[in-house]
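Next comes final.txt, with compact mmCIF, C-alpha atoms.
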# COMPACT_ATOMS: atom_id res chain seq x y z
CA MET A 766 62.92 101.85 34.87
CA ARG A 767 65.98 102.32 37.09
CA ASN A 768 67.34 104.90 34.65
CA VAL A 769 64.07 106.81 34.81
CA TRP A 770 64.17 106.64 38.63
CA GLY A 771 67.72 108.04 38.73
CA LEU A 772 66.98 110.71 36.13
CA ARG A 773 63.88 111.85 38.00
CA LEU A 774 65.81 112.19 41.25
CA ARG A 775 68.55 114.19 39.52
CA LEU A 776 65.99 116.50 37.94
CA TRP A 777 64.37 117.14 41.33
CA ALA A 778 67.79 117.70 42.90
CA ARG A 779 68.34 120.52 40.39
CA ASP A 780 64.97 122.08 41.17
CA ARG A 781 65.70 124.57 43.95
CA ILE A 782 62.05 125.02 44.83
CA PHE A 783 61.51 121.29 45.21
CA VAL A 784 64.69 120.87 47.28
CA ALA A 785 63.57 123.76 49.51
CA LEU A 786 60.23 122.00 50.00
CA VAL A 787 61.90 118.74 51.00
CA VAL A 788 64.05 120.61 53.53
CA LEU A 789 61.19 122.75 54.78
CA LEU A 790 58.90 119.85 55.67
CA PRO A 791 61.20 118.39 58.38
CA VAL A 792 61.73 121.92 59.72
CA LEU A 793 57.96 122.37 59.93
CA PHE A 794 57.77 119.01 61.71
CA VAL A 795 60.28 120.23 64.31
CA LEU A 796 58.31 123.44 64.92
CA VAL A 797 55.00 121.63 65.36
CA MET A 798 56.44 118.95 67.63
CA GLY A 799 58.36 121.48 69.67
CA ALA A 800 55.11 123.31 70.35
CA ALA A 801 53.23 120.12 71.15
CA GLY A 802 55.56 119.09 73.99
CA SER A 803 57.37 115.94 75.01
CA PHE A 804 57.00 112.55 73.36
CA GLU A 805 57.56 110.73 76.61
CA ALA A 806 54.85 109.74 79.07
CA GLN A 807 54.93 112.33 81.85
CA PRO A 808 55.39 110.84 85.36
CA VAL A 809 53.97 114.01 86.98
CA ILE A 810 50.77 115.79 85.99
CA ALA A 811 50.93 119.58 86.22
CA VAL A 812 47.83 121.31 87.55
CA ALA A 813 47.23 124.96 88.47
CA VAL A 814 45.18 126.23 91.42
CA ALA A 815 44.03 129.77 92.25
CA ASP A 816 42.93 130.39 95.87
CA GLU A 817 40.46 133.26 95.85
CA ASP A 818 39.05 132.31 99.28
CA ARG A 819 42.36 132.49 101.16
CA THR A 820 41.13 130.69 104.29
CA ASP A 821 42.52 127.81 106.29
CA TYR A 822 40.05 125.46 104.56
CA SER A 823 41.08 126.39 101.04
CA LYS A 824 44.75 126.18 102.07
CA LEU A 825 44.18 122.73 103.58
CA VAL A 826 42.55 121.48 100.36
CA ILE A 827 45.47 122.72 98.26
CA ASP A 828 48.06 121.26 100.65
CA ARG A 829 46.43 117.83 100.64
CA PHE A 830 45.94 117.92 96.89
CA SER A 831 49.61 118.83 96.40
CA LYS A 832 50.73 115.80 98.41
CA LYS A 833 48.98 113.32 96.15
CA GLU A 834 51.32 111.12 94.16
CA GLY A 835 51.94 112.15 90.57
CA ILE A 836 50.62 115.72 91.02
CA ARG A 837 52.56 118.97 90.73
CA VAL A 838 50.50 121.98 91.80
CA ILE A 839 51.24 125.46 90.48
CA GLN A 840 49.55 128.29 92.39
CA GLY A 841 48.72 131.70 91.01
CA SER A 842 45.96 134.17 90.33
CA GLU A 843 42.81 133.26 88.43
CA SER A 844 44.05 134.86 85.20
CA ASP A 845 47.43 133.14 85.53
CA VAL A 846 46.06 129.62 86.00
CA LYS A 847 43.56 130.09 83.17
CA MET A 848 46.39 131.14 80.86
CA LEU A 849 48.44 128.10 81.86
CA ALA A 850 45.55 125.82 80.90
CA GLU A 851 44.87 127.63 77.63
CA ASN A 852 48.57 127.40 76.66
CA TYR A 853 48.75 123.65 77.37
CA LYS A 854 51.16 124.18 80.29
CA VAL A 855 48.92 122.31 82.73
CA GLU A 856 46.28 119.62 82.35
CA ALA A 857 43.65 121.60 84.25
CA ALA A 858 43.22 124.71 86.37
CA PHE A 859 41.04 125.05 89.48
CA VAL A 860 39.77 128.31 90.96
CA ILE A 861 38.56 128.18 94.57
CA ARG A 862 35.98 130.95 94.82
CA LYS A 863 35.45 133.31 97.76
CA GLY A 864 33.03 131.91 100.30
CA PHE A 865 34.39 128.37 99.96
CA LYS A 866 34.90 127.91 103.73
CA GLU A 867 31.53 129.40 104.59
CA ALA A 868 29.84 127.10 102.09
CA ILE A 869 31.53 124.05 103.66
CA LEU A 870 30.60 125.08 107.22
CA HIS A 871 26.96 125.68 106.27
CA GLU A 872 26.71 122.54 104.10
CA ASP A 873 26.05 124.60 101.00
CA THR A 874 26.10 122.22 98.02
CA ARG A 875 26.53 124.93 95.40
CA GLU A 876 29.73 124.73 93.37
CA ARG A 877 32.53 126.84 94.82
CA ILE A 878 35.37 125.55 92.63
CA ASP A 879 35.55 126.26 88.90
CA VAL A 880 37.42 123.92 86.57
CA PHE A 881 39.24 124.95 83.39
CA LYS A 882 40.92 122.32 81.20
CA ASN A 883 43.20 122.67 78.23
CA PRO A 884 41.65 121.46 74.93
CA GLY A 885 43.94 118.43 74.73
CA SER A 886 43.66 117.28 78.35
CA LEU A 887 43.00 113.59 78.87
CA SER A 888 43.25 113.49 82.68
CA TYR A 889 41.25 116.50 83.88
CA GLY A 890 38.42 114.20 85.00
CA ILE A 891 40.76 112.27 87.29
CA LEU A 892 42.20 115.50 88.66
CA GLU A 893 38.70 116.81 89.32
CA GLU A 894 37.83 113.66 91.26
CA MET A 895 41.04 113.85 93.29
CA LEU A 896 40.44 117.47 94.31
CA GLY A 897 36.75 116.74 94.86
CA SER A 898 37.60 113.97 97.30
CA GLU A 899 39.40 116.48 99.52
CA VAL A 900 36.45 118.86 99.37
CA ALA A 901 34.10 115.98 100.18
CA ARG A 902 36.26 115.12 103.19
CA LEU A 903 35.91 118.63 104.61
CA SER A 904 32.23 118.73 103.82
CA ALA A 905 31.55 115.36 105.46
CA ASN A 906 33.46 116.36 108.60
CA ALA A 907 31.59 119.67 108.86
CA GLY A 908 28.26 117.93 108.26
CA ALA A 909 28.91 115.42 111.04
CA ALA A 910 29.90 118.19 113.46
CA ASN A 911 26.84 120.28 112.58
CA MET A 912 24.54 117.29 113.13
CA ALA A 913 26.10 116.54 116.54
CA VAL A 914 25.65 120.14 117.66
CA ARG A 915 22.00 120.12 116.57
CA VAL A 916 21.27 116.88 118.43
CA TYR A 917 23.03 118.01 121.59
CA ARG A 918 21.28 121.37 121.40
CA GLU A 919 17.85 119.82 120.90
CA TYR A 920 18.16 117.48 123.89
CA GLY A 921 20.28 119.74 126.06
CA LEU A 922 23.07 117.18 126.28
CA SER A 923 26.08 119.36 125.64
CA PRO A 924 28.42 119.45 128.66
CA VAL A 925 30.84 121.78 126.82
CA PRO A 926 30.47 124.90 124.68
CA GLU A 927 29.07 124.20 121.21
CA SER A 928 32.24 125.43 119.54
CA THR A 929 34.31 122.91 121.51
CA LEU A 930 31.83 120.11 120.77
CA TRP A 931 31.82 121.00 117.07
CA GLU A 932 35.60 120.87 116.88
CA ARG A 933 35.79 117.53 118.74
CA VAL A 934 33.28 115.89 116.40
CA ARG A 935 34.98 117.35 113.35
CA ALA A 936 38.37 116.07 114.47
CA TYR A 937 36.92 112.62 115.23
CA ALA A 938 35.22 112.44 111.81
CA ASP A 939 38.41 113.55 110.11
CA ALA A 940 40.39 110.85 111.92
CA GLN A 941 38.19 108.19 110.29
CA TRP A 942 39.78 109.04 106.95
CA GLU A 943 43.16 107.87 108.21
CA PRO A 944 45.24 105.90 107.53
CA LYS A 945 43.10 105.22 104.47
CA PRO A 946 40.10 107.24 103.26
CA LEU A 947 36.66 105.69 103.19
CA LEU A 948 36.67 106.12 99.40
CA THR A 949 39.85 105.77 97.36
CA LEU A 950 40.73 106.23 93.72
CA GLU A 951 43.18 103.64 92.43
CA GLU A 952 45.15 104.33 89.28
CA LYS A 953 47.00 101.61 87.36
CA LYS A 954 49.47 102.08 84.55
CA TRP A 955 49.78 99.30 82.01
CA THR A 956 53.13 98.86 80.35
CA ALA A 957 54.36 96.67 77.57
CA ASP A 958 55.62 94.12 80.14
CA GLY A 959 52.08 93.65 81.40
CA LEU A 960 50.64 92.79 78.00
CA SER A 961 50.60 89.18 76.93
CA LYS A 962 52.36 88.39 73.68
CA ALA A 963 53.21 92.03 73.13
CA ALA A 964 56.83 91.97 72.07
CA ASN A 965 58.46 95.23 71.00
CA VAL A 966 55.48 97.25 72.25
CA ALA A 967 56.08 100.88 73.14
CA PRO A 968 53.88 103.03 75.38
CA ILE A 969 51.71 105.46 73.45
CA SER A 970 51.88 109.12 74.34
CA SER A 971 49.60 111.80 73.00
CA THR A 972 52.54 113.68 71.44
CA LEU A 973 53.77 110.51 69.73
CA MET A 974 50.41 110.08 68.00
CA ALA A 975 50.31 113.79 67.19
CA GLY A 976 53.79 113.50 65.66
CA ILE A 977 52.74 110.61 63.45
CA GLY A 978 49.62 112.55 62.44
CA VAL A 979 51.64 115.60 61.43
CA LEU A 980 54.04 113.38 59.47
CA LEU A 981 51.15 111.85 57.53
CA VAL A 982 49.89 115.29 56.49
CA LEU A 983 53.38 116.39 55.40
CA LEU A 984 53.88 113.22 53.37
CA MET A 985 50.54 113.63 51.63
CA LEU A 986 51.42 117.22 50.73
CA LEU A 987 54.84 116.20 49.40
CA VAL A 988 53.52 113.34 47.28
CA LEU A 989 50.71 115.43 45.83
CA LEU A 990 53.08 118.23 44.84
CA SER A 991 55.64 115.82 43.37
CA SER A 992 52.91 114.36 41.14
CA ALA A 993 53.38 117.46 39.00
CA TRP A 994 56.00 115.46 37.04
CA LEU A 995 53.14 114.04 34.97
CA ILE A 996 51.92 117.49 33.95
CA GLU A 997 55.46 118.62 33.12
CA GLU A 998 56.10 115.55 30.95
CA ARG A 999 52.78 115.98 29.22
CA GLU A 1000 53.43 119.65 28.41
CA ALA A 1001 56.89 118.76 27.06
CA GLY A 1002 55.40 116.07 24.81
CA ILE A 1003 57.40 113.30 26.51
CA LEU A 1004 54.29 111.22 27.27
CA ARG A 1005 53.36 111.15 23.57
CA ARG A 1006 56.84 110.07 22.55
CA ALA A 1007 57.04 107.45 25.33
CA ARG A 1008 53.73 106.00 24.18
CA SER A 1009 55.15 105.41 20.73
CA VAL A 1010 57.86 103.09 22.12
CA PRO A 1011 56.51 99.71 23.35
CA GLY A 1012 56.81 99.41 27.15
CA MET A 1013 58.41 102.83 27.56
CA LEU A 1014 55.35 104.51 29.06
CA GLY A 1015 55.16 101.89 31.81
CA LYS A 1016 58.86 102.33 32.64
CA LEU A 1017 58.43 106.10 32.72
CA TYR A 1018 55.43 105.83 35.01
CA MET A 1019 56.90 103.27 37.42
CA GLY A 1020 60.31 104.94 37.59
CA SER A 1021 58.77 108.33 38.37
CA VAL A 1022 56.47 106.88 41.04
CA LEU A 1023 59.42 105.08 42.66
CA ALA A 1024 61.29 108.39 42.71
CA GLN A 1025 58.29 109.95 44.48
CA LEU A 1026 58.34 107.21 47.10
CA THR A 1027 62.10 107.56 47.53
CA ILE A 1028 61.82 111.28 48.27
CA ALA A 1029 58.93 110.65 50.68
CA MET A 1030 60.88 107.96 52.54
CA THR A 1031 63.82 110.34 52.79
CA VAL A 1032 61.57 112.86 54.54
CA VAL A 1033 60.36 110.11 56.88
CA LEU A 1034 63.92 109.20 57.84
CA LEU A 1035 64.78 112.87 58.38
CA CYS A 1036 61.79 113.33 60.70
CA VAL A 1037 62.62 110.13 62.59
CA GLY A 1038 66.21 111.30 63.02
CA ILE A 1039 65.08 114.75 64.17
CA ALA A 1040 62.69 113.21 66.72
CA TYR A 1041 65.48 111.03 68.10
CA VAL A 1042 68.17 113.71 68.23
CA GLY A 1043 65.96 116.62 69.26
CA PHE A 1044 63.39 114.90 71.47
CA GLY A 1045 65.20 111.73 72.54
CA THR A 1046 62.59 109.29 71.28
CA TRP A 1047 61.77 107.10 68.28
CA LEU A 1048 58.94 108.54 66.23
CA LEU A 1049 58.26 105.07 64.82
CA PRO A 1050 58.96 102.76 67.80
CA HIS A 1051 57.90 99.54 66.04
CA PRO A 1052 59.71 98.34 62.86
CA LEU A 1053 56.43 97.40 61.18
CA LEU A 1054 55.40 101.06 61.24
CA TYR A 1055 57.92 101.71 58.47
CA GLY A 1056 56.10 99.17 56.32
CA LEU A 1057 52.77 100.75 57.20
CA LEU A 1058 54.08 104.17 56.14
CA ALA A 1059 55.43 102.65 52.91
CA VAL A 1060 52.00 101.36 51.87
CA TYR A 1061 50.49 104.69 52.95
CA MET A 1062 52.85 106.47 50.57
CA VAL A 1063 51.78 104.09 47.79
CA ALA A 1064 48.15 105.07 48.47
CA ALA A 1065 49.04 108.78 48.68
CA SER A 1066 50.96 108.51 45.41
CA GLY A 1067 47.93 106.88 43.79
CA ILE A 1068 45.75 109.76 44.97
CA GLY A 1069 48.27 112.27 43.63
CA MET A 1070 48.46 110.62 40.22
CA ALA A 1071 44.67 110.28 39.98
CA ILE A 1072 44.39 114.02 40.59
CA ALA A 1073 47.28 114.97 38.31
CA VAL A 1074 45.87 113.22 35.23
CA HIS A 1075 42.85 115.56 35.38
CA MET A 1076 44.80 118.78 36.01
CA ARG A 1077 45.57 121.04 33.05
CA THR A 1078 48.46 122.96 34.64
CA GLY A 1079 50.95 122.54 37.45
CA GLY A 1080 49.50 125.65 39.09
CA GLN A 1081 46.15 123.95 39.48
CA LEU A 1082 47.77 120.99 41.18
CA ALA A 1083 49.84 123.27 43.44
CA SER A 1084 46.69 125.05 44.59
CA ILE A 1085 44.72 121.86 45.22
CA ALA A 1086 47.51 119.88 46.97
CA PRO A 1087 47.60 121.82 50.31
CA LEU A 1088 43.81 121.79 50.59
CA ALA A 1089 43.62 118.07 49.84
CA ALA A 1090 46.39 117.27 52.34
CA MET A 1091 44.81 119.34 55.13
CA LEU A 1092 41.27 118.13 54.45
CA THR A 1093 42.12 114.43 54.34
CA GLY A 1094 44.42 114.92 57.34
CA PHE A 1095 41.67 116.51 59.41
CA ILE A 1096 39.01 113.97 58.45
CA GLY A 1097 41.51 111.14 58.95
CA GLY A 1098 42.22 112.25 62.53
CA CYS A 1099 45.80 113.49 62.14
CA PHE A 1100 45.06 116.52 64.32
CA TRP A 1101 43.15 114.63 67.02
CA ALA A 1102 44.84 111.21 66.86
CA PHE A 1103 45.28 111.10 70.66
CA LEU A 1104 41.69 111.99 71.56
CA PRO A 1105 38.69 109.67 72.01
CA VAL A 1106 36.12 110.42 69.29
CA PRO A 1107 32.51 109.41 68.60
CA ASP A 1108 31.96 106.25 66.59
CA ALA A 1109 30.54 108.22 63.65
CA LEU A 1110 33.67 110.37 63.40
CA ALA A 1111 35.92 107.33 63.75
CA ALA A 1112 34.05 105.64 60.89
CA LEU A 1113 34.34 108.79 58.75
CA SER A 1114 38.12 108.85 59.28
CA LEU A 1115 38.37 105.47 57.54
CA CYS A 1116 37.38 107.19 54.30
CA THR A 1117 40.95 108.52 54.18
CA PRO A 1118 44.31 106.71 54.04
CA GLN A 1119 45.46 108.65 57.11
CA GLY A 1120 42.60 107.16 59.12
CA TRP A 1121 43.71 103.62 58.24
CA VAL A 1122 47.34 104.38 59.12
CA LEU A 1123 46.40 105.75 62.54
CA LEU A 1124 44.08 102.81 63.20
CA GLY A 1125 46.84 100.34 62.32
CA THR A 1126 49.35 102.29 64.42
CA LYS A 1127 47.15 102.24 67.53
CA GLU A 1128 46.44 98.54 67.04
CA LEU A 1129 50.15 97.76 66.76
CA LEU A 1130 51.42 99.96 69.59
CA ALA A 1131 48.62 99.23 72.04
CA GLY A 1132 48.57 95.47 71.69
CA GLY A 1133 51.49 94.47 69.52
CA ASN A 1134 49.00 92.73 67.24
CA MET A 1135 50.36 92.30 63.73
CA GLY A 1136 47.08 90.86 62.52
CA GLY A 1137 43.58 92.15 63.05
CA MET A 1138 43.05 95.77 62.13
CA PHE A 1139 46.76 96.31 61.41
CA GLY A 1140 46.67 93.71 58.65
CA THR A 1141 43.39 95.13 57.39
CA ALA A 1142 44.88 98.62 57.27
CA VAL A 1143 47.85 97.40 55.22
CA GLY A 1144 45.55 95.55 52.83
CA VAL A 1145 43.19 98.51 52.35
CA LEU A 1146 46.05 100.93 51.68
CA LEU A 1147 47.67 98.59 49.17
CA ALA A 1148 44.36 98.01 47.42
CA VAL A 1149 43.55 101.73 47.22
CA GLY A 1150 47.02 102.62 45.99
CA GLY A 1151 47.09 99.82 43.42
CA LEU A 1152 43.65 100.64 42.02
CA LEU A 1153 44.37 104.35 41.75
CA HIS A 1154 47.69 103.75 40.01
CA LEU A 1155 46.02 101.35 37.57
CA TYR A 1156 43.36 103.94 36.85
CA SER A 1157 45.94 106.70 36.36
CA PHE A 1158 48.07 104.62 34.01
CA TRP A 1159 44.99 103.51 32.06
CA TYR A 1160 43.91 107.14 31.71
CA ILE A 1161 47.34 108.16 30.42
CA ASP A 1162 47.65 105.22 28.03
CA ARG A 1163 44.15 104.57 26.74
CA LYS A 1164 42.72 108.09 26.92
CA LYS A 1165 45.86 109.40 25.19
CA CYS A 1166 46.41 111.90 27.99
CA GLY A 1167 48.49 114.74 26.58
CA ASP A 1168 47.85 114.24 22.87
CA GLU A 1169 45.30 116.99 22.78
CA ARG A 1170 47.47 119.45 24.63
What would the structure in this file look like if it were written as structure tokens?
Amino acid sequence: MRNVWGLRLRLWARDRIFVALVVLLPVLFVLVMGAAGSFEAQPVIAVAVADEDRTDYSKLVIDRFSKKEGIRVIQGSESDVKMLAENYKVEAAFVIRKGFKEAILHEDTRERIDVFKNPGSLSYGILEEMLGSEVARLSANAGAANMAVRVYREYGLSPVPESTLWERVRAYADAQWEPKPLLTLEEKKWTADGLSKAANVAPISSTLMAGIGVLLVLLMLLVLLSSAWLIEEREAGILRRARSVPGMLGKLYMGSVLAQLTIAMTVVLLCVGIAYVGFGTWLLPHPLLYGLLAVYMVAASGIGMAIAVHMRTGGQLASIAPLAAMLTGFIGGCFWAFLPVPDALAALSLCTPQGWVLLGTKELLAGGNMGGMFGTAVGVLLAVGGLLHLYSFWYIDRKKCGDER
């Protein structure tokens, strides 16, 4: 079996197309991750604001919003801030419409601020509440001043001009928000140190999960394409000759599958190295994730072999492999691993090996729990891979796969 493993690796090393594929996949990983952004948790949230009103009230809202901890405000025109949100440069963009000050002074409850979020934003709701609290502060102050003027006017109590009275009441109402507002929004950040029994736990960033998702798709594609060895051996008549020697077919099968897994693990190590050198972070921050990826590759190899035994030519497999990798990757959540999803979609993702890997990864990184769903994910992947490999080998051996070709 070891001889078959070594021979298979040497044959692939001589195949320029296959070598180019192995090199291209880490390059593709770099391009995707470079576009996605940083792996690290960002201490400052970027947000864009366009001031179309250009009054002292709109300026005051922006100034107060800019002073909030953890916020970096970028100002520009409406088209500029929208483009920043669409290109994932900011978490959200706010446009303060003309008439904002007049609406506040007249207690107009109609919306005067439009919100635009980027498709991957997870914090736009918090940002909206933070900006809304400043608008509510202005509105409450103006409402109190308007009410005082109406009461004084109705009973003829005003000893000063209404404009002076209005400003005094507004200033008094505004002072009640200091040193601490009547309503506050408290944000807490949980770290690995704050989790009980969570040794070796790393914080999860959206780009980290996206990176793992992309890696799963690339591995599935590689394993599916490398399953073409079965078709090549069948066309060359090697399967028929191996079947005639007792135990040889099993050695051929196991050695070739081990060579597949070796190439896939090489790609994993290349991607991990690239993430560390190029982005300064570990793509797989917990050592058990390497084991989880290993059983995932066993399952992916089983899927590849189960498909290959039914393919007549290598061209058919080459055309099906990208579609299968993309489809299972999308259903499994590889392209939305960092987003909250409905329960029905989460359940559907568990119909794919990628879904189980991502579930086990989140369980491990979020709580450091090596049991629970992480253990279940490992068991399911091993069971799926083992059953599919048994089926594939049975089909080759008992159905005399290749004799009729």
Checklist outcome for this item: Shortest contact to Thr1117 of chain A, candidates A:Ile1085, A:Leu981, A:Met1019, A:Leu1129, atoms counted only C-alpha atoms, goes to A:Leu981
Next on the checklist: If I take atom CA of Arg1077 of chain A and atom CA of Leu1147 of chain A, how far is one from the other in Å, to one decimal?
Outcome noted: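 Interatomic distance here is 27.7 Å.
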Checklist entry - Excluding same-chain residues fewer than 3 positions from Ser831 of chain A, what lies within 12 Å of it counting only C-alpha atoms, as a VMD selection string? => result chain A and resid 809 to 814 824 to 828 834 to 840 892 895 to 896 899
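Excluding Met1062 of chain A itself and any same-chain residue fewer than 3 positions from it, the protein and nucleic acid residues within 9 Å of it, counting only C-alpha atoms, are Leu981, Leu984, Met985, Val988, Gln1025, Leu1026, Ala1029, Met1030, Leu1057, Leu1058, Ala1059, Ala1065, Ser1066, Gly1067, Leu1146 and Gly1150 of chain A.
Distances from A:Ala905, A:Val860, A:Leu990, A:Glu943 to Gly1080 of chain A were compared using only C-alpha atoms, and the smallest one belongs to A:Leu990.
For the pair atom CA of Ala1142 of chain A and atom CA of Ile1072 of chain A, the interatomic distance is 22.7 Å.
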Next on the checklist: Can you measure atom CA of Ala1090 of chain A to atom CA of Lys854 of chain A for me? One decimal in Å is fine.
Outcome noted: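 About the pair atom CA of Ala1090 of chain A and atom CA of Lys854 of chain A: they are 29.2 Å apart.
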Checklist entry - Taking all atoms listed in the file into account, which of A:Thr1031, A:Leu973, A:Val1074, A:Glu894 comes nearest Phe1100 of chain A? => result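 Closest to Phe1100 of chain A of all the choices is A:Leu973.
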Checklist entry - So, counting only C-alpha atoms, which residue among A:Leu1053, A:Val1010, A:Val1032, A:Met1076 is closest to Leu986 of chain A? => result A:Val1032
Item to check | For Lys866 of chain A: contacts at 7 Å, only C-alpha atoms, fewer than 6 positions along chain excluded, given as a PyMOL selection string | outcome: chain A and resi 820+822-823
Residue selection dump (C-alpha atoms) as a JSON list (two decimals), in the coordinates of the input:
[["chain", "number", "residue", "atom", "x", "y", "z"],
["A", 820, "THR", "CA", 41.13, 130.69, 104.29],
["A", 822, "TYR", "CA", 40.05, 125.46, 104.56],
["A", 823, "SER", "CA", 41.08, 126.39, 101.04]]
